[in-house]
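Text of the file target18.cif, holding mmCIF, C-alpha atoms:
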data_start
loop_
_atom_site.group_PDB
_atom_site.id
_atom_site.type_symbol
_atom_site.label_atom_id
_atom_site.label_comp_id
_atom_site.auth_asym_id
_atom_site.auth_seq_id
_atom_site.Cartn_x
_atom_site.Cartn_y
_atom_site.Cartn_z
ATOM 1 C CA MET I 117 30.018 1.826 -8.504
ATOM 2 C CA ARG I 118 30.636 2.688 -4.822
ATOM 3 C CA GLU I 119 34.222 3.594 -5.615
ATOM 4 C CA LYS I 120 33.054 5.761 -8.499
ATOM 5 C CA PHE I 121 30.931 7.889 -6.126
ATOM 6 C CA ASP I 122 33.535 7.851 -3.334
ATOM 7 C CA LEU I 123 31.126 6.189 -0.885
ATOM 8 C CA LYS I 124 32.229 4.657 2.422
ATOM 9 C CA LYS I 125 33.156 1.002 2.606
ATOM 10 C CA LEU I 126 30.487 -1.089 4.322
ATOM 11 C CA GLU I 127 31.268 -3.961 6.669
ATOM 12 C CA ASN I 128 29.157 -7.098 6.389
ATOM 13 C CA GLU I 129 30.319 -9.184 9.320
ATOM 14 C CA ILE I 130 27.606 -9.423 11.982
ATOM 15 C CA PRO I 131 28.390 -10.881 15.437
ATOM 16 C CA LEU I 132 25.755 -13.406 16.520
ATOM 17 C CA LYS I 133 27.128 -14.490 19.888
ATOM 18 C CA GLU I 134 24.280 -13.016 21.952
ATOM 19 C CA PHE I 135 21.645 -14.899 19.972
ATOM 20 C CA PHE I 136 23.105 -18.256 21.000
ATOM 21 C CA LEU I 137 21.534 -17.500 24.389
ATOM 22 C CA TYR I 138 18.062 -17.826 22.840
ATOM 23 C CA GLU I 139 16.330 -21.159 23.433
ATOM 24 C CA ASN I 140 15.061 -21.388 19.861
ATOM 25 C CA PRO I 141 16.536 -18.569 17.711
ATOM 26 C CA VAL I 142 14.756 -17.854 14.413
ATOM 27 C CA LEU I 143 15.895 -15.493 11.666
ATOM 28 C CA VAL I 144 13.227 -13.021 10.482
ATOM 29 C CA SER I 145 13.598 -10.980 7.289
ATOM 30 C CA LYS I 146 11.653 -8.083 5.816
ATOM 31 C CA SER I 147 11.968 -6.202 2.531
ATOM 32 C CA ASN I 148 10.325 -2.917 1.511
ATOM 33 C CA ALA I 149 10.568 -0.423 -1.328
ATOM 34 C CA VAL I 150 9.840 3.312 -1.378
ATOM 35 C CA SER I 151 9.335 3.648 -5.137
ATOM 36 C CA SER I 152 6.220 5.829 -5.128
ATOM 37 C CA LYS I 153 7.635 8.263 -2.564
ATOM 38 C CA LEU I 154 10.803 8.548 -4.646
ATOM 39 C CA MET I 155 8.676 9.836 -7.521
ATOM 40 C CA LEU I 156 7.725 12.839 -5.383
ATOM 41 C CA ALA I 157 11.305 13.172 -4.177
ATOM 42 C CA ALA I 158 12.460 13.479 -7.788
ATOM 43 C CA GLU I 159 9.686 15.983 -8.527
ATOM 44 C CA ILE I 160 10.823 18.420 -5.839
ATOM 45 C CA GLY I 161 14.486 17.415 -5.698
ATOM 46 C CA CYS I 162 14.312 16.198 -2.095
ATOM 47 C CA TYR I 163 16.308 13.006 -1.516
ATOM 48 C CA ASP I 164 17.321 13.700 2.090
ATOM 49 C CA THR I 165 14.635 11.722 3.923
ATOM 50 C CA VAL I 166 13.855 8.797 1.628
ATOM 51 C CA GLY I 167 16.821 6.682 2.720
ATOM 52 C CA TYR I 168 15.717 7.023 6.343
ATOM 53 C CA ASP I 169 12.209 5.997 5.218
ATOM 54 C CA CYS I 170 13.483 2.771 3.742
ATOM 55 C CA VAL I 171 15.265 1.804 6.954
ATOM 56 C CA ALA I 172 12.333 2.806 9.169
ATOM 57 C CA VAL I 173 9.666 0.825 7.328
ATOM 58 C CA CYS I 174 11.865 -2.299 7.432
ATOM 59 C CA MET I 175 12.785 -1.843 11.090
ATOM 60 C CA ASN I 176 9.176 -1.285 12.145
ATOM 61 C CA ASP I 177 8.230 -4.604 10.546
ATOM 62 C CA ILE I 178 11.072 -6.373 12.354
ATOM 63 C CA TRP I 179 10.096 -4.856 15.726
ATOM 64 C CA ALA I 180 6.407 -5.617 15.112
ATOM 65 C CA ALA I 181 7.367 -9.262 14.581
ATOM 66 C CA GLY I 182 8.928 -9.275 18.042
ATOM 67 C CA ALA I 183 12.465 -9.633 16.679
ATOM 68 C CA LYS I 184 15.696 -7.795 17.373
ATOM 69 C CA PRO I 185 17.095 -6.335 14.123
ATOM 70 C CA ILE I 186 20.683 -7.220 13.245
ATOM 71 C CA LEU I 187 21.354 -5.679 9.823
ATOM 72 C CA PHE I 188 20.102 -3.546 6.950
ATOM 73 C CA TYR I 189 20.981 -3.900 3.263
ATOM 74 C CA ASN I 190 19.686 -1.923 0.281
ATOM 75 C CA ASN I 191 19.622 -1.664 -3.496
ATOM 76 C CA ILE I 192 19.486 1.644 -5.395
ATOM 77 C CA SER I 193 18.588 1.536 -9.088
ATOM 78 C CA SER I 194 18.480 4.384 -11.602
ATOM 79 C CA ALA I 195 18.764 5.113 -15.306
ATOM 80 C CA ARG I 196 21.745 7.326 -14.615
ATOM 81 C CA PRO I 197 22.822 7.462 -10.954
ATOM 82 C CA ARG I 198 23.989 10.915 -9.922
ATOM 83 C CA ALA I 199 26.550 11.245 -7.157
ATOM 84 C CA GLU I 200 24.713 14.012 -5.270
ATOM 85 C CA HIS I 201 21.460 12.022 -5.191
ATOM 86 C CA ILE I 202 23.112 8.734 -4.244
ATOM 87 C CA LYS I 203 24.991 10.405 -1.401
ATOM 88 C CA LYS I 204 21.797 11.969 -0.030
ATOM 89 C CA LEU I 205 19.993 8.636 -0.191
ATOM 90 C CA GLU I 206 22.861 6.909 1.592
ATOM 91 C CA ASP I 207 23.141 9.672 4.195
ATOM 92 C CA GLY I 208 19.481 9.057 5.045
ATOM 93 C CA ILE I 209 20.106 5.322 5.235
ATOM 94 C CA GLU I 210 23.032 5.862 7.585
ATOM 95 C CA ARG I 211 20.924 8.113 9.843
ATOM 96 C CA GLY I 212 18.198 5.481 9.900
ATOM 97 C CA CYS I 213 20.602 2.677 10.774
ATOM 98 C CA GLN I 214 22.143 4.781 13.550
ATOM 99 C CA ALA I 215 18.676 5.553 14.951
ATOM 100 C CA ALA I 216 17.800 1.848 14.872
ATOM 101 C CA GLY I 217 21.142 0.830 16.361
ATOM 102 C CA ILE I 218 22.031 -1.577 13.541
ATOM 103 C CA PRO I 219 24.849 -1.805 10.980
ATOM 104 C CA HIS I 220 24.384 -0.799 7.346
ATOM 105 C CA VAL I 221 26.085 -3.805 5.795
ATOM 106 C CA GLY I 222 25.607 -3.341 2.068
ATOM 107 C CA SER I 223 24.334 -1.061 -0.678
ATOM 108 C CA GLU I 224 24.177 -2.079 -4.330
ATOM 109 C CA ILE I 225 23.939 0.709 -6.896
ATOM 110 C CA LYS I 226 22.715 -0.332 -10.320
ATOM 111 C CA GLU I 227 22.514 1.623 -13.572
ATOM 112 C CA LEU I 228 19.458 0.413 -15.511
ATOM 113 C CA ALA I 229 18.845 2.854 -18.348
ATOM 114 C CA GLU I 230 16.623 0.369 -20.176
ATOM 115 C CA ILE I 231 14.184 0.189 -17.242
ATOM 116 C CA PHE I 232 14.106 3.626 -15.595
ATOM 117 C CA SER I 233 13.530 7.065 -17.087
ATOM 118 C CA TYR I 234 15.837 10.040 -16.564
ATOM 119 C CA ASP I 235 16.363 11.037 -12.923
ATOM 120 C CA GLN I 236 14.057 8.249 -11.695
ATOM 121 C CA TYR I 237 15.247 6.130 -8.771
ATOM 122 C CA ASP I 238 14.132 3.004 -7.002
ATOM 123 C CA LEU I 239 15.209 2.110 -3.460
ATOM 124 C CA VAL I 240 14.609 -1.303 -1.906
ATOM 125 C CA GLY I 241 15.673 -2.218 1.621
ATOM 126 C CA PHE I 242 16.206 -5.581 3.258
ATOM 127 C CA ALA I 243 16.432 -6.151 7.001
ATOM 128 C CA ALA I 244 17.034 -9.209 9.127
ATOM 129 C CA GLY I 245 16.387 -9.829 12.802
ATOM 130 C CA VAL I 246 16.357 -12.640 15.349
ATOM 131 C CA LEU I 247 13.599 -13.713 17.713
ATOM 132 C CA ASP I 248 13.181 -16.493 20.229
ATOM 133 C CA ARG I 249 10.408 -18.685 18.804
ATOM 134 C CA ASN I 250 9.722 -20.242 22.212
ATOM 135 C CA THR I 251 8.912 -16.809 23.645
ATOM 136 C CA GLU I 252 6.636 -15.953 20.725
ATOM 137 C CA GLU I 253 4.705 -19.216 21.014
ATOM 138 C CA LYS I 254 3.835 -18.467 24.661
ATOM 139 C CA LYS I 255 1.771 -15.388 23.817
ATOM 140 C CA PRO I 256 -1.902 -15.624 24.877
ATOM 141 C CA GLU I 257 -4.707 -16.115 22.411
ATOM 142 C CA ILE I 258 -6.779 -13.266 21.032
ATOM 143 C CA LYS I 259 -10.204 -12.971 22.613
ATOM 144 C CA SER I 260 -13.286 -10.778 22.517
ATOM 145 C CA GLY I 261 -12.755 -7.478 24.298
ATOM 146 C CA ASP I 262 -9.048 -7.180 23.524
ATOM 147 C CA VAL I 263 -8.156 -3.569 22.792
ATOM 148 C CA ILE I 264 -6.586 -2.124 19.633
ATOM 149 C CA ILE I 265 -4.076 0.635 20.410
ATOM 150 C CA GLY I 266 -2.708 2.836 17.639
ATOM 151 C CA LEU I 267 0.534 4.819 17.666
ATOM 152 C CA PRO I 268 0.406 8.031 15.589
ATOM 153 C CA SER I 269 2.346 8.368 12.353
ATOM 154 C CA ASN I 270 4.068 11.543 11.216
ATOM 155 C CA GLY I 271 2.746 11.395 7.673
ATOM 156 C CA LEU I 272 1.753 8.890 5.025
ATOM 157 C CA HIS I 273 4.838 6.789 5.825
ATOM 158 C CA ASN I 274 4.977 4.231 3.004
ATOM 159 C CA ASN I 275 1.302 4.234 1.967
ATOM 160 C CA GLY I 276 -0.805 5.921 -0.658
ATOM 161 C CA TYR I 277 1.678 8.072 -2.560
ATOM 162 C CA VAL I 278 0.379 6.999 -5.961
ATOM 163 C CA ALA I 279 -3.176 7.933 -4.940
ATOM 164 C CA ALA I 280 -2.080 11.224 -3.341
ATOM 165 C CA ARG I 281 -0.080 12.207 -6.426
ATOM 166 C CA LYS I 282 -2.977 11.409 -8.729
ATOM 167 C CA LYS I 283 -5.897 12.765 -6.690
ATOM 168 C CA LEU I 284 -4.234 16.040 -5.624
ATOM 169 C CA TYR I 285 -2.567 16.583 -9.021
ATOM 170 C CA LEU I 286 0.756 17.048 -7.291
ATOM 171 C CA THR I 287 3.485 19.038 -9.018
ATOM 172 C CA LYS I 288 6.637 20.746 -7.806
ATOM 173 C CA THR I 289 4.748 24.055 -7.689
ATOM 174 C CA SER I 290 1.694 22.730 -5.821
ATOM 175 C CA MET I 291 3.891 20.993 -3.233
ATOM 176 C CA GLU I 292 5.616 24.288 -2.439
ATOM 177 C CA VAL I 293 2.356 26.053 -1.503
ATOM 178 C CA TYR I 294 1.899 26.699 2.228
ATOM 179 C CA TYR I 295 -1.536 25.774 3.664
ATOM 180 C CA GLU I 296 -2.742 27.355 6.885
ATOM 181 C CA SER I 297 -4.995 24.352 7.491
ATOM 182 C CA LEU I 298 -1.991 22.025 7.327
ATOM 183 C CA GLY I 299 0.557 24.261 9.010
ATOM 184 C CA ALA I 300 3.071 23.301 6.310
ATOM 185 C CA THR I 301 3.495 22.808 2.596
ATOM 186 C CA LEU I 302 2.311 19.583 1.000
ATOM 187 C CA GLY I 303 5.900 18.795 0.111
ATOM 188 C CA GLU I 304 7.008 19.058 3.743
ATOM 189 C CA LEU I 305 4.230 16.759 4.943
ATOM 190 C CA LEU I 306 4.526 14.201 2.160
ATOM 191 C CA MET I 307 8.297 13.936 2.436
ATOM 192 C CA ALA I 308 8.348 13.656 6.244
ATOM 193 C CA PRO I 309 10.354 10.523 7.089
ATOM 194 C CA THR I 310 8.622 7.426 8.401
ATOM 195 C CA LYS I 311 8.569 7.311 12.184
ATOM 196 C CA MET I 312 10.426 4.546 14.004
ATOM 197 C CA TYR I 313 8.643 2.941 16.952
ATOM 198 C CA TYR I 314 11.628 1.395 18.694
ATOM 199 C CA THR I 315 11.324 3.388 21.934
ATOM 200 C CA GLY I 316 7.744 2.353 22.642
ATOM 201 C CA MET I 317 8.275 -1.247 21.554
ATOM 202 C CA ARG I 318 11.413 -1.547 23.691
ATOM 203 C CA ALA I 319 9.709 -0.051 26.746
ATOM 204 C CA ILE I 320 6.965 -2.680 26.602
ATOM 205 C CA ALA I 321 9.441 -5.506 25.938
ATOM 206 C CA ASP I 322 11.422 -4.487 29.037
ATOM 207 C CA SER I 323 8.288 -4.378 31.215
ATOM 208 C CA ASN I 324 6.101 -7.158 32.570
ATOM 209 C CA LEU I 325 3.313 -6.064 30.220
ATOM 210 C CA GLU I 326 2.336 -7.935 27.099
ATOM 211 C CA VAL I 327 1.362 -7.079 23.537
ATOM 212 C CA LYS I 328 -0.524 -9.965 21.924
ATOM 213 C CA ARG I 329 0.065 -8.863 18.352
ATOM 214 C CA CYS I 330 1.628 -5.894 16.597
ATOM 215 C CA VAL I 331 1.332 -4.732 12.967
ATOM 216 C CA GLN I 332 2.890 -1.793 11.177
ATOM 217 C CA VAL I 333 0.412 0.216 9.069
ATOM 218 C CA ALA I 334 2.528 0.295 5.935
ATOM 219 C CA HIS I 335 1.283 -2.242 3.437
ATOM 220 C CA GLY I 336 -2.147 -1.282 2.234
ATOM 221 C CA GLY I 337 -3.749 1.180 4.613
ATOM 222 C CA LEU I 338 -5.350 1.094 8.055
ATOM 223 C CA ASP I 339 -8.088 -1.388 7.133
ATOM 224 C CA ARG I 340 -5.670 -4.063 5.953
ATOM 225 C CA ALA I 341 -3.516 -3.607 9.052
ATOM 226 C CA VAL I 342 -6.537 -4.037 11.369
ATOM 227 C CA ARG I 343 -7.572 -7.210 9.557
ATOM 228 C CA LYS I 344 -4.052 -8.596 9.836
ATOM 229 C CA LEU I 345 -3.882 -7.645 13.517
ATOM 230 C CA VAL I 346 -7.019 -9.481 14.646
ATOM 231 C CA THR I 347 -6.209 -12.588 12.523
ATOM 232 C CA PRO I 348 -8.789 -14.821 10.769
ATOM 233 C CA GLY I 349 -11.669 -15.905 12.956
ATOM 234 C CA HIS I 350 -12.070 -12.557 14.691
ATOM 235 C CA GLY I 351 -13.635 -9.235 13.855
ATOM 236 C CA ALA I 352 -13.375 -5.792 15.364
ATOM 237 C CA VAL I 353 -15.222 -2.564 15.936
ATOM 238 C CA VAL I 354 -13.090 0.519 15.265
ATOM 239 C CA LYS I 355 -13.836 4.118 16.156
ATOM 240 C CA GLN I 356 -11.185 6.700 15.327
ATOM 241 C CA LYS I 357 -11.944 10.125 16.736
ATOM 242 C CA ALA I 358 -11.754 12.992 14.252
ATOM 243 C CA ASP I 359 -9.156 14.865 16.329
ATOM 244 C CA SER I 360 -6.718 11.937 15.981
ATOM 245 C CA ILE I 361 -6.752 12.235 12.174
ATOM 246 C CA PRO I 362 -4.316 14.900 10.863
ATOM 247 C CA PRO I 363 -5.716 17.554 8.469
ATOM 248 C CA LEU I 364 -3.724 16.131 5.538
ATOM 249 C CA TYR I 365 -6.169 13.210 5.393
ATOM 250 C CA ASP I 366 -9.150 15.571 5.358
ATOM 251 C CA MET I 367 -7.616 17.271 2.328
ATOM 252 C CA LEU I 368 -7.124 13.919 0.604
ATOM 253 C CA HIS I 369 -10.705 12.946 1.455
ATOM 254 C CA LYS I 370 -12.358 16.178 0.272
ATOM 255 C CA ASP I 371 -10.068 17.664 -2.383
ATOM 256 C CA GLY I 372 -9.133 14.242 -3.704
ATOM 257 C CA ASN I 373 -12.771 13.102 -3.681
ATOM 258 C CA ILE I 374 -11.870 9.814 -1.970
ATOM 259 C CA ASN I 375 -14.643 8.186 0.047
ATOM 260 C CA GLU I 376 -14.035 7.133 3.658
ATOM 261 C CA GLU I 377 -13.895 3.400 2.923
ATOM 262 C CA LEU I 378 -11.243 3.865 0.230
ATOM 263 C CA MET I 379 -9.328 6.273 2.491
ATOM 264 C CA ARG I 380 -8.969 3.526 5.123
ATOM 265 C CA LYS I 381 -7.915 0.997 2.484
ATOM 266 C CA THR I 382 -5.304 3.332 0.992
ATOM 267 C CA PHE I 383 -3.842 5.480 3.796
ATOM 268 C CA ASN I 384 -2.723 4.920 7.374
ATOM 269 C CA MET I 385 -5.128 7.647 8.581
ATOM 270 C CA GLY I 386 -2.490 9.052 10.920
ATOM 271 C CA ILE I 387 -1.700 5.715 12.596
ATOM 272 C CA GLY I 388 1.666 4.056 11.964
ATOM 273 C CA MET I 389 1.584 1.057 14.305
ATOM 274 C CA LEU I 390 -1.162 -1.107 15.790
ATOM 275 C CA MET I 391 -0.958 -3.110 19.004
ATOM 276 C CA LEU I 392 -3.440 -5.634 20.357
ATOM 277 C CA VAL I 393 -3.529 -5.877 24.164
ATOM 278 C CA SER I 394 -5.753 -7.362 26.812
ATOM 279 C CA GLU I 395 -8.429 -5.153 28.332
ATOM 280 C CA GLU I 396 -6.848 -5.619 31.772
ATOM 281 C CA GLN I 397 -3.468 -4.214 30.704
ATOM 282 C CA THR I 398 -4.690 -1.446 28.395
ATOM 283 C CA ASP I 399 -4.355 1.443 30.850
ATOM 284 C CA GLN I 400 -0.907 0.347 32.041
ATOM 285 C CA ILE I 401 0.408 -0.041 28.490
ATOM 286 C CA ALA I 402 -1.022 3.323 27.427
ATOM 287 C CA GLU I 403 0.574 5.015 30.442
ATOM 288 C CA LEU I 404 3.941 3.376 29.755
ATOM 289 C CA LEU I 405 3.846 4.486 26.117
ATOM 290 C CA GLU I 406 3.079 8.030 27.202
ATOM 291 C CA THR I 407 6.094 8.083 29.544
ATOM 292 C CA VAL I 408 8.420 7.407 26.581
ATOM 293 C CA GLY I 409 6.879 10.141 24.435
ATOM 294 C CA GLU I 410 4.216 8.253 22.493
ATOM 295 C CA HIS I 411 0.588 9.384 22.211
ATOM 296 C CA PRO I 412 -1.384 6.116 22.107
ATOM 297 C CA VAL I 413 -4.857 6.145 20.594
ATOM 298 C CA LEU I 414 -7.514 3.647 21.721
ATOM 299 C CA LEU I 415 -9.017 2.599 18.396
ATOM 300 C CA GLY I 416 -11.300 -0.345 18.999
ATOM 301 C CA LEU I 417 -12.154 -3.779 20.370
ATOM 302 C CA VAL I 418 -11.926 -7.349 19.102
ATOM 303 C CA GLU I 419 -15.206 -9.152 18.469
ATOM 304 C CA GLU I 420 -15.777 -12.887 18.164
ATOM 305 C CA GLY I 421 -18.328 -14.685 16.030
ATOM 306 C CA SER I 422 -17.650 -12.685 12.889
ATOM 307 C CA GLU I 423 -14.685 -11.605 10.783
ATOM 308 C CA ASP I 424 -16.286 -8.237 9.952
ATOM 309 C CA ILE I 425 -14.424 -5.024 10.700
ATOM 310 C CA ARG I 426 -17.034 -2.417 11.662
ATOM 311 C CA TYR I 427 -16.098 1.265 11.542
ATOM 312 C CA ILE I 428 -18.114 3.643 13.693
ATOM 313 C CA ILE I 429 -17.973 7.258 12.534
#

Mind turning the file's structure into structure tokens?
Amino acid sequence: MREKFDLKKLENEIPLKEFFLYENPVLVSKSNAVSSKLMLAAEIGCYDTVGYDCVAVCMNDIWAAGAKPILFYNNISSARPRAEHIKKLEDGIERGCQAAGIPHVGSEIKELAEIFSYDQYDLVGFAAGVLDRNTEEKKPEIKSGDVIIGLPSNGLHNNGYVAARKKLYLTKTSMEVYYESLGATLGELLMAPTKMYYTGMRAIADSNLEVKRCVQVAHGGLDRAVRKLVTPGHGAVVKQKADSIPPLYDMLHKDGNINEELMRKTFNMGIGMLMLVSEEQTDQIAELLETVGEHPVLLGLVEEGSEDIRYII
């Protein structure tokens, strides 16, 4: 199939010499799909950013796990793959791999007319990375008063596209309408590629500062990510200021008639990555993140004695 579309040959040999220096190297793998976002891509004929999305959401999971990514592999399925769409998807994947500094080692293209409808695509990415388990096991325990820091997203990332499509009755025409309140069209905002957080994560890793836990907000909304971040046995109090929530979410809340609790369970609420840090290092970590271009948001505190997540409005 790759030869049919005149796509570049991909190399799948990955040098592992540097990882032999780890005391206890462990392979970490992550897999993510962008199916629901591809539905909107097909609706407006915009396939340029979705490949980058697939790489970014996988890479962010690898970095959040404390691992160094080593490769990316993907699978593209369609009822009838079209060369122009496949090439745009792969161009986005290549840009994502270049931004992450990893090789794109494989891309399977499958024609599945019995499963997919006309012009419908599915894109699934797989990434692998290596971490030193001994280093990870030395991280301090979570305790009451630890601070939750959020790093802003640049859109929905990989969350909530089914709900957005349904609640806002999205069509090609409606996504081309410019909104003064948004400063863009819905199509531009919804198709914005997922942000990669490598720069901020790398800056902290190269410092003497420490992140206790890190979770990408990409698998079920902000609420699920917070619960995963604080781990069982702990709770948290979260207060997200209104000015840190982009206007797109206000439109989803009001025009989509989605209550605040369901919004947090469905969307990232403008936050793409969560970090848990000690109270003592919070200011230093926030300042370091700002020096590399991030805009950290102090979201909340860990509480002990309960597993409840309390949201203060």

Inset, instruction - Just say which residues the PyMOL selection byres ((chain I and resi 337) around 10) picks in this file, as a ChimeraX atom specification. - result: /I:272,274-276,332-336,338-342,378-385,387-388

Determine, using all atoms listed in the file, which residues of segment 173-232 of chain I have any atom at most 6 Å from an atom of segment 157-168 of chain I, and tabulate each with its shortest atom pair and distance in Å to one decimal place, rows ordered by chain and then rising number, as a Markdown table.
| residue | atom | partner | partner_atom | distance |
| --- | --- | --- | --- | --- |
| I:Lys204 | CA | I:Asp164 | CA | 5.2 |
| I:Leu205 | CA | I:Gly167 | CA | 4.7 |
| I:Gly208 | CA | I:Gly167 | CA | 4.3 |
| I:Ile209 | CA | I:Gly167 | CA | 4.4 |
| I:Gly212 | CA | I:Tyr168 | CA | 4.6 |

Residue subset to file, keeping C-alpha atoms, as a short mmCIF file (atom, residue, chain, number, x, y, z; two decimals), in the frame of the given file:
data_model
loop_
_atom_site.label_atom_id
_atom_site.label_comp_id
_atom_site.auth_asym_id
_atom_site.auth_seq_id
_atom_site.Cartn_x
_atom_site.Cartn_y
_atom_site.Cartn_z
CA LYS I 204 21.80 11.97 -0.03
CA LEU I 205 19.99 8.64 -0.19
CA GLY I 208 19.48 9.06 5.04
CA ILE I 209 20.11 5.32 5.24
CA GLY I 212 18.20 5.48 9.90
#

Each residue of segment 306-406 of chain I lying at most 12 Å from segment 179-182 of chain I should get a row with its shortest atom-to-atom pair and the distance in Å to one decimal, counting only C-alpha atoms; could you produce that, ordered by chain and increasing number, as JSON lines?
{"residue": "I:Met312", "atom": "CA", "partner": "I:Trp179", "partner_atom": "CA", "distance": 9.6}
{"residue": "I:Tyr313", "atom": "CA", "partner": "I:Trp179", "partner_atom": "CA", "distance": 8.0}
{"residue": "I:Tyr314", "atom": "CA", "partner": "I:Trp179", "partner_atom": "CA", "distance": 7.1}
{"residue": "I:Thr315", "atom": "CA", "partner": "I:Trp179", "partner_atom": "CA", "distance": 10.4}
{"residue": "I:Gly316", "atom": "CA", "partner": "I:Trp179", "partner_atom": "CA", "distance": 10.3}
{"residue": "I:Met317", "atom": "CA", "partner": "I:Trp179", "partner_atom": "CA", "distance": 7.1}
{"residue": "I:Arg318", "atom": "CA", "partner": "I:Trp179", "partner_atom": "CA", "distance": 8.7}
{"residue": "I:Ile320", "atom": "CA", "partner": "I:Gly182", "partner_atom": "CA", "distance": 11.0}
{"residue": "I:Ala321", "atom": "CA", "partner": "I:Gly182", "partner_atom": "CA", "distance": 8.8}
{"residue": "I:Glu326", "atom": "CA", "partner": "I:Gly182", "partner_atom": "CA", "distance": 11.3}
{"residue": "I:Val327", "atom": "CA", "partner": "I:Gly182", "partner_atom": "CA", "distance": 9.6}
{"residue": "I:Lys328", "atom": "CA", "partner": "I:Gly182", "partner_atom": "CA", "distance": 10.2}
{"residue": "I:Arg329", "atom": "CA", "partner": "I:Ala180", "partner_atom": "CA", "distance": 7.8}
{"residue": "I:Cys330", "atom": "CA", "partner": "I:Ala180", "partner_atom": "CA", "distance": 5.0}
{"residue": "I:Val331", "atom": "CA", "partner": "I:Ala180", "partner_atom": "CA", "distance": 5.6}
{"residue": "I:Gln332", "atom": "CA", "partner": "I:Ala180", "partner_atom": "CA", "distance": 6.5}
{"residue": "I:Val333", "atom": "CA", "partner": "I:Ala180", "partner_atom": "CA", "distance": 10.3}
{"residue": "I:Ala334", "atom": "CA", "partner": "I:Ala180", "partner_atom": "CA", "distance": 11.6}
{"residue": "I:Ala341", "atom": "CA", "partner": "I:Ala180", "partner_atom": "CA", "distance": 11.8}
{"residue": "I:Leu345", "atom": "CA", "partner": "I:Ala180", "partner_atom": "CA", "distance": 10.6}
{"residue": "I:Gly388", "atom": "CA", "partner": "I:Ala180", "partner_atom": "CA", "distance": 11.2}
{"residue": "I:Met389", "atom": "CA", "partner": "I:Ala180", "partner_atom": "CA", "distance": 8.3}
{"residue": "I:Leu390", "atom": "CA", "partner": "I:Ala180", "partner_atom": "CA", "distance": 8.8}
{"residue": "I:Met391", "atom": "CA", "partner": "I:Ala180", "partner_atom": "CA", "distance": 8.7}
{"residue": "I:Leu392", "atom": "CA", "partner": "I:Ala180", "partner_atom": "CA", "distance": 11.2}

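Candidate residues I:Ile428, I:Leu156, I:Leu267, I:Ala229 were compared for distance to Met291 of chain I, and the nearest is I:Leu156, using all atoms listed in the file.
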
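Of the residues under consideration (I:Ala215, I:Ala280, I:Ile225, I:Ile202), I:Ala280 shows the shortest atom-to-atom contact distance to Lys370 of chain I when counting all atoms listed in the file.
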
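Picture a line from atom CA of Gly386 of chain I to atom CA of Arg426 of chain I; it runs 18.5 Å.
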
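If you look at atom CA of Leu143 of chain I and atom CA of Glu257 of chain I, they are 23.2 Å away from each other.
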
Legend entry - Result set of the PyMOL selection byres ((chain I and resi 134) around 12) on the coordinates above, as JSON, numbers by chain: {"I": [130, 131, 132, 133, 135, 136, 137, 138, 139, 141, 184, 186, 246, 247, 248]}

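Here atom CA of Asn128 of chain I and atom CA of Val173 of chain I stand 21.1 Å from one another.
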
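With all atoms listed in the file as the atoms that count, the minimum distance from Met367 of chain I to the choices I:Val278, I:Leu284, I:Leu405, I:Ala319 is reached by I:Leu284.
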
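Using all atoms listed in the file, the shortest contact distance between Pro256 of chain I and any of I:Ile374, I:Val413, I:Thr407, I:Ser394 is found at I:Ser394.
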
Centre, x/y/z edge lengths, axis-aligned box for segment 178-183 of chain I with 5 Å per side, as JSON:
{"center_x": 9.4, "center_y": -7.2, "center_z": 15.2, "size_x": 16.1, "size_y": 14.8, "size_z": 15.7}
